[in-house]
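The file run31.txt contains compact mmCIF, C-alpha atoms:
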```txt
# COMPACT_ATOMS: atom_id res chain seq x y z
CA MET W 1 -31.93 115.75 168.26
CA ALA W 2 -35.54 115.50 167.19
CA LYS W 3 -36.86 118.96 166.40
CA VAL W 4 -39.94 120.89 165.36
CA ILE W 5 -39.61 121.58 161.64
CA CYS W 6 -42.90 123.07 160.49
CA ALA W 7 -46.62 123.53 161.04
CA THR W 8 -49.51 122.02 159.09
CA ASP W 9 -52.47 124.12 160.20
CA HIS W 10 -52.59 125.96 156.88
CA VAL W 11 -53.32 122.73 154.97
CA ILE W 12 -54.94 120.30 157.42
CA ASP W 13 -57.88 120.98 159.72
CA TRP W 14 -56.84 118.72 162.55
CA ASP W 15 -59.91 119.50 164.65
CA LEU W 16 -61.98 118.12 161.78
CA VAL W 17 -59.78 115.03 161.56
CA LEU W 18 -60.13 114.44 165.30
CA GLY W 19 -63.86 115.04 165.20
CA ASN W 20 -64.33 112.41 162.51
CA LEU W 21 -61.94 109.73 163.74
CA GLY W 22 -63.14 106.15 163.40
CA THR W 23 -63.31 103.71 166.26
CA GLY W 24 -59.64 102.76 166.07
CA HIS W 25 -57.93 99.70 167.45
CA LYS W 26 -56.95 99.02 171.04
CA ARG W 27 -53.31 98.05 171.31
CA ASP W 28 -53.65 95.71 174.23
CA VAL W 29 -50.25 94.50 175.40
CA LYS W 30 -51.77 91.96 177.78
CA ALA W 31 -53.54 90.23 174.90
CA ILE W 32 -50.29 90.09 172.94
CA TRP W 33 -48.27 88.95 175.96
CA GLU W 34 -50.68 86.14 176.71
CA ASN W 35 -50.86 85.02 173.11
CA GLN W 36 -47.20 85.06 172.12
CA THR W 37 -47.66 82.33 169.54
CA SER W 38 -49.53 84.89 167.44
CA LEU W 39 -46.21 86.66 166.91
CA GLU W 40 -44.16 83.66 165.95
CA GLY W 41 -44.67 84.30 162.25
CA SER W 42 -43.33 87.82 162.63
CA ALA W 43 -39.78 88.50 161.56
CA MET W 44 -39.59 90.85 164.52
CA TYR W 45 -40.93 88.33 167.02
CA LYS W 46 -37.87 88.53 169.26
CA ALA W 47 -37.91 92.34 169.25
CA TYR W 48 -41.55 92.40 170.38
CA LEU W 49 -40.82 90.04 173.24
CA ASP W 50 -37.64 91.85 174.26
CA ILE W 51 -39.56 95.08 174.79
CA ALA W 52 -42.46 93.45 176.62
CA LYS W 53 -40.03 91.58 178.86
CA LYS W 54 -38.26 94.83 179.77
CA TRP W 55 -41.61 96.30 180.80
CA VAL W 56 -42.54 93.34 182.94
CA ASP W 57 -39.08 93.19 184.53
CA ALA W 58 -39.33 96.91 185.40
CA GLY W 59 -42.55 96.34 187.30
CA TYR W 60 -45.24 97.27 184.80
CA ARG W 61 -48.48 95.41 185.25
CA ILE W 62 -49.00 94.17 181.73
CA GLU W 63 -52.77 94.75 181.75
CA ASP W 64 -52.15 98.44 182.50
CA ILE W 65 -50.43 98.97 179.17
CA PHE W 66 -52.71 99.89 176.31
CA TRP W 67 -53.32 102.67 173.88
CA TYR W 68 -55.33 103.16 170.71
CA ASP W 69 -54.23 103.40 167.09
CA TYR W 70 -56.23 104.79 164.19
CA TYR W 71 -55.42 104.03 160.56
CA PRO W 72 -55.92 105.74 157.19
CA GLU W 73 -58.93 104.63 155.16
CA SER W 74 -60.65 102.95 158.09
CA ASP W 75 -60.35 105.74 160.67
CA TYR W 76 -59.31 108.91 158.80
CA ASP W 77 -59.08 110.16 155.26
CA SER W 78 -55.93 108.99 153.53
CA LYS W 79 -55.77 112.38 151.81
CA ILE W 80 -54.07 113.47 155.02
CA ASP W 81 -51.14 111.22 154.15
CA LYS W 82 -50.89 112.73 150.66
CA ILE W 83 -50.86 116.25 152.06
CA PHE W 84 -48.33 115.32 154.71
CA GLU W 85 -46.16 113.59 152.11
CA SER W 86 -45.94 116.81 150.13
CA ILE W 87 -45.06 118.79 153.24
CA VAL W 88 -42.25 116.59 154.53
CA GLN W 89 -41.09 115.49 151.08
CA ALA W 90 -40.79 111.83 152.06
CA ASP W 91 -42.53 109.04 150.16
CA PHE W 92 -45.32 107.53 152.20
CA LEU W 93 -44.78 104.15 153.84
CA ARG W 94 -47.30 104.15 156.65
CA SER W 95 -49.15 106.41 159.06
CA TRP W 96 -51.34 106.16 162.09
CA ILE W 97 -52.85 108.31 164.81
CA SER W 98 -52.18 107.26 168.40
CA ARG W 99 -54.33 108.02 171.42
CA ILE W 100 -53.14 107.67 175.00
CA ASP W 101 -55.73 108.16 177.71
CA PRO W 102 -55.09 109.85 181.08
CA GLY W 103 -53.45 107.49 183.53
CA ARG W 104 -51.86 105.47 180.75
CA ASN W 105 -48.42 105.17 179.23
CA ALA W 106 -47.04 103.92 175.99
CA PRO W 107 -43.88 102.93 177.86
CA ILE W 108 -40.38 103.14 176.42
CA HIS W 109 -40.25 101.27 173.14
CA TRP W 110 -39.34 101.55 169.48
CA ASP W 111 -41.81 100.95 166.70
CA ILE W 112 -41.18 97.49 165.44
CA ASP W 113 -42.38 96.97 161.88
CA ASP W 114 -42.17 93.73 159.95
CA ASN W 115 -41.79 95.71 156.74
CA ALA W 116 -38.70 97.60 157.87
CA PRO W 117 -36.13 95.21 156.32
CA GLU W 118 -37.83 95.65 152.94
CA TRP W 119 -38.14 99.42 153.35
CA LYS W 120 -34.44 99.70 154.14
CA LYS W 121 -33.63 98.17 150.77
CA GLN W 122 -35.53 101.02 149.11
CA GLY W 123 -33.79 103.88 150.86
CA GLU W 124 -33.50 105.84 154.08
CA ILE W 125 -36.48 105.58 156.42
CA VAL W 126 -37.59 108.85 158.02
CA ARG W 127 -40.11 109.48 160.78
CA TYR W 128 -42.29 112.45 161.73
CA THR W 129 -44.82 113.09 164.48
CA CYS W 130 -47.46 115.80 164.34
CA TRP W 131 -49.27 117.25 167.38
CA ILE W 132 -52.82 117.22 166.08
CA ASP W 133 -54.64 118.35 169.20
CA LYS W 134 -54.30 121.54 171.19
CA PRO W 135 -51.73 121.43 174.00
CA ARG W 136 -53.16 119.43 176.90
CA TRP W 137 -51.88 119.74 180.45
CA GLY W 138 -50.01 116.61 181.56
CA SER W 139 -49.60 115.12 178.07
CA ALA W 140 -45.97 114.36 177.28
CA PHE W 141 -44.09 112.63 174.51
CA ILE W 142 -40.44 111.64 174.77
CA ILE W 143 -38.07 110.82 171.93
CA GLU W 144 -34.70 109.56 173.12
CA ASP W 145 -33.50 112.24 175.56
CA GLU W 146 -35.97 114.92 174.58
CA LEU W 147 -39.30 115.82 176.12
CA PHE W 148 -42.01 117.35 173.95
CA TYR W 149 -44.55 119.17 176.07
CA GLY W 150 -47.05 121.89 175.34
CA ILE W 151 -46.39 121.61 171.62
CA GLU W 152 -48.79 123.72 169.57
CA GLN W 153 -51.43 122.01 167.46
CA SER W 154 -50.23 121.13 163.92
CA LYS W 155 -46.51 121.32 164.69
CA VAL W 156 -44.36 118.57 163.16
CA VAL W 157 -41.34 116.98 164.79
CA GLN W 158 -38.73 115.26 162.67
CA TRP W 159 -36.99 112.34 164.36
CA ASP W 160 -33.25 111.75 164.10
CA ASN W 161 -33.83 108.03 163.63
CA TRP W 162 -37.12 106.42 162.66
CA ASP W 163 -36.54 103.63 165.20
CA SER W 164 -35.59 105.80 168.19
CA TYR W 165 -36.73 104.77 171.63
CA HIS W 166 -39.74 106.84 172.65
CA ALA W 167 -42.67 106.92 175.05
CA GLY W 168 -45.87 108.77 175.76
CA THR W 169 -47.56 109.52 179.04
CA VAL W 170 -50.70 111.37 180.11
CA ALA W 171 -51.05 112.57 183.70
CA GLY W 172 -53.69 115.22 183.02
CA LYS W 173 -57.36 115.07 182.15
CA ASP W 174 -57.43 114.82 178.34
CA PRO W 175 -56.25 112.10 175.95
CA GLN W 176 -53.18 112.73 173.82
CA PHE W 177 -53.55 112.40 170.03
CA LEU W 178 -50.54 112.28 167.72
CA TYR W 179 -50.25 111.65 163.99
CA HIS W 180 -47.25 109.52 163.03
CA TYR W 181 -45.75 109.31 159.55
CA VAL W 182 -43.06 106.97 158.30
CA GLY W 183 -41.63 107.55 154.86
CA LEU W 184 -38.68 107.21 152.55
CA LYS W 185 -36.39 110.17 152.28
CA ARG W 186 -36.34 111.76 148.84
CA ASP W 187 -32.98 112.44 147.20
CA MET O 1 -43.60 130.85 187.34
CA THR O 2 -41.67 127.97 188.81
CA LYS O 3 -38.25 129.31 189.75
CA PHE O 4 -34.86 127.59 189.70
CA ILE O 5 -33.19 127.96 193.11
CA GLY O 6 -29.90 126.12 192.56
CA ASN O 7 -28.21 122.77 192.82
CA CYS O 8 -27.70 121.28 196.28
CA LEU O 9 -25.83 118.10 195.34
CA ALA O 10 -22.53 119.45 196.69
CA THR O 11 -24.06 119.87 200.15
CA ILE O 12 -26.54 116.97 200.38
CA ASP O 13 -25.71 113.31 199.75
CA TRP O 14 -28.83 112.35 197.82
CA ASN O 15 -27.37 109.03 196.68
CA THR O 16 -27.27 107.85 200.30
CA VAL O 17 -30.80 109.14 200.90
CA VAL O 18 -32.12 107.25 197.89
CA LYS O 19 -30.35 104.09 199.02
CA GLU O 20 -31.98 104.48 202.44
CA CYS O 21 -35.38 104.69 200.76
CA GLU O 22 -34.59 101.72 198.54
CA MET O 23 -33.82 99.63 201.60
CA SER O 24 -36.98 100.71 203.46
CA GLU O 25 -40.64 99.96 203.21
CA PRO O 26 -42.48 103.16 202.33
CA ALA O 27 -44.40 104.86 205.14
CA TYR O 28 -47.49 104.42 202.98
CA VAL O 29 -48.60 104.28 199.39
CA GLY O 30 -50.36 107.38 198.15
CA PRO O 31 -52.95 108.67 197.70
CA GLY O 32 -53.37 108.63 201.47
CA LYS O 33 -56.50 108.38 203.53
CA GLY O 34 -56.91 112.13 203.16
CA MET O 35 -58.32 111.61 199.67
CA GLU O 36 -61.24 109.76 201.23
CA THR O 37 -62.26 112.74 203.34
CA ASP O 38 -64.88 115.28 202.36
CA LEU O 39 -62.65 118.35 202.27
CA PRO O 40 -64.16 120.85 199.83
CA GLU O 41 -60.72 121.55 198.36
CA LEU O 42 -60.53 117.93 197.21
CA ARG O 43 -63.72 118.01 195.18
CA GLU O 44 -62.21 119.27 191.94
CA ILE O 45 -59.37 116.75 192.11
CA LYS O 46 -61.75 113.90 192.82
CA GLU O 47 -63.96 114.97 189.93
CA ILE O 48 -61.04 114.83 187.50
CA TRP O 49 -59.79 111.52 188.84
CA ARG O 50 -63.23 109.93 188.82
CA LYS O 51 -63.32 109.88 185.04
CA TRP O 52 -59.87 108.55 184.28
CA TYR O 53 -57.99 107.36 187.32
CA THR O 54 -58.11 104.38 189.67
CA ARG O 55 -55.82 103.45 192.52
CA PHE O 56 -53.22 100.79 191.71
CA ASP O 57 -54.50 98.48 194.46
CA GLU O 58 -57.94 98.71 192.87
CA GLY O 59 -56.69 97.80 189.41
CA GLY O 60 -55.62 101.23 188.12
CA THR O 61 -52.31 103.04 187.80
CA VAL O 62 -52.43 105.63 190.60
CA ALA O 63 -49.79 104.96 193.26
CA TRP O 64 -46.73 106.56 194.75
CA ASP O 65 -44.60 105.52 197.72
CA MET O 66 -43.99 107.99 200.55
CA PHE O 67 -40.77 108.29 202.60
CA PHE O 68 -40.13 110.62 205.54
CA PRO O 69 -36.97 111.89 207.30
CA GLY O 70 -36.18 110.27 210.61
CA LYS O 71 -38.18 107.25 209.47
CA GLN O 72 -37.02 105.94 206.12
CA TRP O 73 -34.18 108.42 205.41
CA ASN O 74 -31.81 110.48 207.51
CA SER O 75 -33.10 113.72 208.99
CA GLU O 76 -29.71 115.39 208.55
CA ALA O 77 -30.37 115.55 204.82
CA ALA O 78 -33.73 117.18 205.49
CA ASP O 79 -32.08 119.79 207.74
CA GLN O 80 -29.48 120.47 205.07
CA PHE O 81 -32.27 120.99 202.54
CA TRP O 82 -34.09 123.50 204.76
CA ASP O 83 -30.80 125.39 205.18
CA PHE O 84 -30.22 125.35 201.43
CA VAL O 85 -33.58 126.93 200.63
CA GLY O 86 -33.57 129.27 203.64
CA ILE O 87 -36.65 127.91 205.38
CA THR O 88 -36.76 128.47 209.14
CA GLU O 89 -40.28 127.15 209.78
CA PRO O 90 -40.51 123.80 208.03
CA VAL O 91 -43.94 122.25 207.68
CA ALA O 92 -43.53 119.10 205.61
CA ILE O 93 -40.83 117.29 203.68
CA TRP O 94 -41.10 113.93 201.98
CA ILE O 95 -39.75 111.82 199.16
CA SER O 96 -42.11 110.31 196.64
CA ARG O 97 -41.34 107.28 194.51
CA ILE O 98 -43.27 106.43 191.38
CA TRP O 99 -42.70 102.99 189.93
CA PRO O 100 -42.66 102.44 186.16
CA GLY O 101 -46.19 102.51 184.82
CA ARG O 102 -47.66 104.41 187.74
CA PHE O 103 -48.98 107.91 188.21
CA ALA O 104 -49.42 110.77 190.61
CA PRO O 105 -52.11 112.36 188.42
CA ILE O 106 -53.05 116.02 188.23
CA HIS O 107 -53.64 117.38 191.73
CA TRP O 108 -52.50 119.92 194.26
CA ASP O 109 -51.43 119.04 197.78
CA VAL O 110 -54.52 119.70 199.85
CA GLN O 111 -53.73 119.81 203.57
CA SER O 112 -56.24 118.57 206.12
CA ASN O 113 -55.69 121.88 207.93
CA GLU O 114 -55.75 124.16 204.88
CA HIS O 115 -57.07 127.13 206.86
CA GLU O 116 -53.81 127.26 208.85
CA PHE O 117 -51.71 128.16 205.81
CA ASN O 118 -51.53 131.53 204.13
CA ASP O 119 -49.73 132.53 200.93
CA ASN O 120 -46.43 133.04 202.73
CA TYR O 121 -45.58 129.37 202.65
CA ARG O 122 -43.04 128.33 200.05
CA ARG O 123 -43.11 125.04 198.14
CA PHE O 124 -40.07 123.30 196.63
CA HIS O 125 -39.10 120.14 194.85
CA CYS O 126 -35.68 118.64 194.24
CA HIS O 127 -34.55 116.07 191.68
CA ILE O 128 -32.61 113.68 193.88
CA THR O 129 -31.49 111.10 191.32
CA PRO O 130 -29.65 111.48 188.04
CA PRO O 131 -32.06 111.84 185.10
CA LYS O 132 -33.67 108.66 183.80
CA PHE O 133 -35.68 108.00 180.67
CA GLY O 134 -39.43 108.43 181.14
CA HIS O 135 -39.41 110.33 184.45
CA PHE O 136 -41.95 113.08 183.86
CA PHE O 137 -42.99 115.83 186.26
CA VAL O 138 -45.06 118.94 185.65
CA VAL O 139 -45.89 121.92 187.90
CA ASP O 140 -48.33 124.51 186.57
CA ASP O 141 -47.15 124.97 182.99
CA THR O 142 -43.55 123.94 183.56
CA ALA O 143 -42.54 120.41 182.61
CA PHE O 144 -39.41 118.86 184.09
CA TYR O 145 -37.32 116.29 182.27
CA ASN O 146 -33.65 115.36 182.37
CA GLU O 147 -33.10 117.64 185.36
CA LYS O 148 -29.67 117.39 186.95
CA GLN O 149 -29.45 115.53 190.24
CA GLY O 150 -29.70 118.09 193.04
CA ASN O 151 -31.61 120.74 191.08
CA VAL O 152 -34.04 122.61 193.35
CA TRP O 153 -37.12 124.47 192.10
CA GLU O 154 -39.51 126.75 193.97
CA TRP O 155 -43.14 126.72 192.95
CA ASN O 156 -45.32 129.68 192.26
CA SER O 157 -47.68 128.52 194.98
CA ARG O 158 -48.09 125.76 197.53
CA LYS O 159 -51.37 125.09 195.76
CA SER O 160 -49.89 124.68 192.28
CA TRP O 161 -51.36 121.88 190.23
CA HIS O 162 -48.81 119.19 189.49
CA ALA O 163 -48.43 115.60 188.36
CA GLY O 164 -45.79 112.94 187.90
CA SER O 165 -45.58 109.78 185.87
CA ASN O 166 -43.07 107.18 184.89
CA CYS O 167 -42.97 105.63 181.42
CA GLY O 168 -39.38 104.42 181.78
CA LEU O 169 -37.79 101.40 183.37
CA GLU O 170 -36.52 102.65 186.74
CA PRO O 171 -38.32 104.09 189.78
CA LYS O 172 -38.57 107.87 189.98
CA TYR O 173 -37.66 109.62 193.26
CA LEU O 174 -38.50 113.25 194.01
CA LEU O 175 -38.08 115.35 197.15
CA ASN O 176 -40.98 117.64 198.09
CA ALA O 177 -41.04 120.29 200.80
CA PHE O 178 -42.91 123.31 202.05
CA GLY O 179 -42.47 125.78 204.87
CA LYS O 180 -41.66 129.45 205.43
```
Would you write the structure of this file as structure tokens?
Amino acid sequence: MAKVICATDHVIDWDLVLGNLGTGHKRDVKAIWENQTSLEGSAMYKAYLDIAKKWVDAGYRIEDIFWYDYYPESDYDSKIDKIFESIVQADFLRSWISRIDPGRNAPIHWDIDDNAPEWKKQGEIVRYTCWIDKPRWGSAFIIEDELFYGIEQSKVVQWDNWDSYHAGTVAGKDPQFLYHYVGLKRD
Amino acid sequence: MTKFIGNCLATIDWNTVVKECEMSEPAYVGPGKGMETDLPELREIKEIWRKWYTRFDEGGTVAWDMFFPGKQWNSEAADQFWDFVGITEPVAIWISRIWPGRFAPIHWDVQSNEHEFNDNYRRFHCHITPPKFGHFFVVDDTAFYNEKQGNVWEWNSRKSWHAGSNCGLEPKYLLNAFGK
């Protein structure tokens, strides 16, 4: 089971990170769905479409599905990744901050990454999520069978499998911000 | 605090009730007309919703289906539920259904005749299907996930703030009731 393993408040001022976030990138599923040819070069093309098809078949209105991602360098200081790397002792592969607004879901999915086949050749991929905002009423994050709710700011959850099915939902009045880190396990 | 009452699956056939709902048209899709009224108790809810939420039929994600005993599902099950929780003066009982991608956002259940209810009324919910991925429900500070089918919870107050959402792949059914 995914579990809380540590806190980061002693080394990262997450309020400062949130206060200085860049503009980020809207992950607009409708745009992707309507422009499927843009994915044809992706090794994971079929995986992308499989997930989107499940959503549509379940009754999601595709234009309702969007969230925002923020990336190191452009939206936050990449020093965060270095600090996090030293905490979790996993060599950095990628990171991002996600934002889900009230009334929105990041529905059940796994994080497809075109680089994963190459990463797997280098070692075991590990995944962590950090709750970078204060607990917000109605903000939930689900990893496989486990709900994470009311998690204290700065707490880090280690996933069992980097590619686990997960989802986020916000039924309250504040957006949900999470920092995600993918790395290679150190021996 | 929200309080666990027990599991009623041995005495109430929720699978049949859910099938009855599945085969019926909902009585209506919430939020109902009541949200359009000028009740003072609704002001705070409306203020929160105004910023973030829009009804599904107006292009947003707010929608839940409503089912009532004697209409869309059998009233025997409702009677059995009242017996289970020890309510002798039932006021309201209904099943809500939230489709994947939709929300019953933060709110409390404002009644059009609020002044008729004192603090003696008890509020319950029951998880009437087996747990499904992405079925999220929260009452006050208690979040519910992976609850066993038939689990019954009593709320701290009829006026408790609550919300439900569905980020999975199957519709979410929940029984709601209050009385004294």
Practice prompt. Calculate how many Å separate CA of Pro175 in chain W from CA of Arg102 in chain O, rounding to one decimal.
Written response: 16.5 Å
Pull out every residue of chain O that has at least one atom within 6 Å of chain W, counting all atoms listed in the file, and report them as a short mmCIF file (atom, residue, chain, number, x, y, z; two decimals) with C-alpha atoms, in the frame of the given file.
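As a result, part_5.cif now contains:
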```cif
data_model
loop_
_atom_site.label_atom_id
_atom_site.label_comp_id
_atom_site.auth_asym_id
_atom_site.auth_seq_id
_atom_site.Cartn_x
_atom_site.Cartn_y
_atom_site.Cartn_z
CA TRP O 52 -59.87 108.55 184.28
CA TYR O 53 -57.99 107.36 187.32
CA PRO O 100 -42.66 102.44 186.16
CA GLY O 101 -46.19 102.51 184.82
CA PRO O 105 -52.11 112.36 188.42
CA ILE O 106 -53.05 116.02 188.23
CA CYS O 167 -42.97 105.63 181.42
CA GLY O 168 -39.38 104.42 181.78
CA LEU O 169 -37.79 101.40 183.37
#
```
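The residue that comes closest to Tyr128 in chain W, out of W:Gln158, W:Asp81, W:Ile112, W:Ile100 and on the basis of all atoms listed in the file, is W:Gln158.
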Worksheet item: Can you tell me, as a VMD selection string, what residues are no more than 9 Å from Leu39 in chain O when counting all atoms listed in the file, ignoring any on the same chain fewer than 4 positions away?
Response: chain O and resid 34 to 35 43 110 112
Response to the item:
From CA of Tyr173 in chain O to CA of Thr129 in chain O the spacing works out at 6.6 Å
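For the point (-34.8, 104.9, 157.8) in file coordinates, the residues within 6 Å, using all atoms listed in the file, are Glu124, Ile125, Val126 and Trp162 of chain W.
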